Amino acid sequence: MDKLKRVFNDQEQDEERGIVDDLIDVSTLSWETRIKGFVICFVIGCLLSLLGTLLLFLPNGLVAFALCYTFGNIIALSATCFLMGPLNQIKKMFAPTRLIATIVMVVALVLTIMAAVWWKNVGLTLLFVVIQFLAMLWYSISYIPFARDAVKKCFEGCFGN
């Protein structure tokens, strides 16, 4: 109803809208549209990461690998914005329980690209990709109740106290 009022009252108001208003409007999508957006983004992200992995085996494919793998992870991660909205997603990413995993993941994303594009160092690129993968995994399991505790206990059982 508010959108209809804005159209009839003042059409310039839409031009003055900020990014926050646009982000809030995303949360007004229907549940079906959110699910479709999530699935599409997640599949595209996974396909890009897989493509990046395949590109690694081509001659001089390090930069293409790093870019595809990293942007694939970013797109797959942003897919959850469709489910909970972008602002809520950012709040949850920087919640105390996920803060370290989020920071490590973001730093690893940036360092992966830097190691491949600017430094052209294969070893560092692969190291940052592994860190990126582990940080993304740790971040992802933080959404499953007691999953982190189960993983910790598993490693304690395998490697001792």
# chains A, B, ... in the order shown; residues from 1 in each chain; ligands from 1
>>> residues_around(residues="Cys46 (chain A)", least_positions_apart="3", cutoff="7 Å", atoms="only C-alpha atoms", output="VMD selection string")
chain A and resid 42 to 43 49 to 50 72 76
>>> write_last_selection(atoms="all heavy atoms", output="PDB file, in the first residue's frame")
ATOM      1  N   PHE A  42      22.973 -20.031  -5.295  1.00  0.00           N
ATOM      2  CA  PHE A  42      23.794 -21.095  -4.734  1.00  0.00           C
ATOM      3  C   PHE A  42      24.347 -21.998  -5.832  1.00  0.00           C
ATOM      4  O   PHE A  42      25.531 -22.348  -5.828  1.00  0.00           O
ATOM      5  CB  PHE A  42      22.982 -21.911  -3.720  1.00  0.00           C
ATOM      6  CG  PHE A  42      23.814 -22.885  -2.946  1.00  0.00           C
ATOM      7  CD1 PHE A  42      24.630 -22.438  -1.921  1.00  0.00           C
ATOM      8  CD2 PHE A  42      23.789 -24.234  -3.242  1.00  0.00           C
ATOM      9  CE1 PHE A  42      25.413 -23.331  -1.210  1.00  0.00           C
ATOM     10  CE2 PHE A  42      24.572 -25.130  -2.544  1.00  0.00           C
ATOM     11  CZ  PHE A  42      25.383 -24.682  -1.512  1.00  0.00           C
ATOM     12  N   VAL A  43      23.514 -22.354  -6.796  1.00  0.00           N
ATOM     13  CA  VAL A  43      23.965 -23.207  -7.899  1.00  0.00           C
ATOM     14  C   VAL A  43      25.009 -22.485  -8.746  1.00  0.00           C
ATOM     15  O   VAL A  43      26.039 -23.073  -9.115  1.00  0.00           O
ATOM     16  CB  VAL A  43      22.761 -23.680  -8.753  1.00  0.00           C
ATOM     17  CG1 VAL A  43      23.215 -24.315 -10.052  1.00  0.00           C
ATOM     18  CG2 VAL A  43      21.907 -24.657  -7.952  1.00  0.00           C
ATOM     19  N   SER A  49      32.705 -22.142  -8.595  1.00  0.00           N
ATOM     20  CA  SER A  49      33.781 -22.743  -7.809  1.00  0.00           C
ATOM     21  C   SER A  49      34.295 -24.015  -8.473  1.00  0.00           C
ATOM     22  O   SER A  49      35.504 -24.252  -8.531  1.00  0.00           O
ATOM     23  CB  SER A  49      33.301 -23.052  -6.391  1.00  0.00           C
ATOM     24  OG  SER A  49      33.002 -21.861  -5.710  1.00  0.00           O
ATOM     25  N   LEU A  50      33.377 -24.817  -8.983  1.00  0.00           N
ATOM     26  CA  LEU A  50      33.778 -26.039  -9.685  1.00  0.00           C
ATOM     27  C   LEU A  50      34.545 -25.709 -10.956  1.00  0.00           C
ATOM     28  O   LEU A  50      35.586 -26.318 -11.250  1.00  0.00           O
ATOM     29  CB  LEU A  50      32.545 -26.892 -10.011  1.00  0.00           C
ATOM     30  CG  LEU A  50      32.808 -28.208 -10.732  1.00  0.00           C
ATOM     31  CD1 LEU A  50      33.637 -29.139  -9.854  1.00  0.00           C
ATOM     32  CD2 LEU A  50      31.497 -28.870 -11.113  1.00  0.00           C
ATOM     33  N   GLY A  72      32.784 -17.573  -6.822  1.00  0.00           N
ATOM     34  CA  GLY A  72      31.786 -18.624  -6.624  1.00  0.00           C
ATOM     35  C   GLY A  72      31.387 -18.733  -5.162  1.00  0.00           C
ATOM     36  O   GLY A  72      30.201 -18.850  -4.834  1.00  0.00           O
ATOM     37  N   ALA A  76      27.715 -17.917  -3.648  1.00  0.00           N
ATOM     38  CA  ALA A  76      27.023 -18.950  -2.875  1.00  0.00           C
ATOM     39  C   ALA A  76      26.682 -18.432  -1.475  1.00  0.00           C
ATOM     40  O   ALA A  76      25.588 -18.689  -0.956  1.00  0.00           O
ATOM     41  CB  ALA A  76      27.876 -20.207  -2.788  1.00  0.00           C
TER      42      ALA A  76
END
>>> select_by_dssp(residues="region 6-137 of chain A", states="helix (DSSP H, G or I)", output="VMD selection string")
chain A and resid 6 to 9 12 to 15 19 to 26 31 to 55 62 to 78 80 to 84 86 to 93 99 to 117 122 to 137
>>> residues_around(residues="region 138-146 of chain A", least_positions_apart="4", cutoff="7 Å", atoms="only C-alpha atoms", output="list of chain:residue names")
A:Arg98, A:Ala101, A:Thr102, A:Leu134, A:Ala150
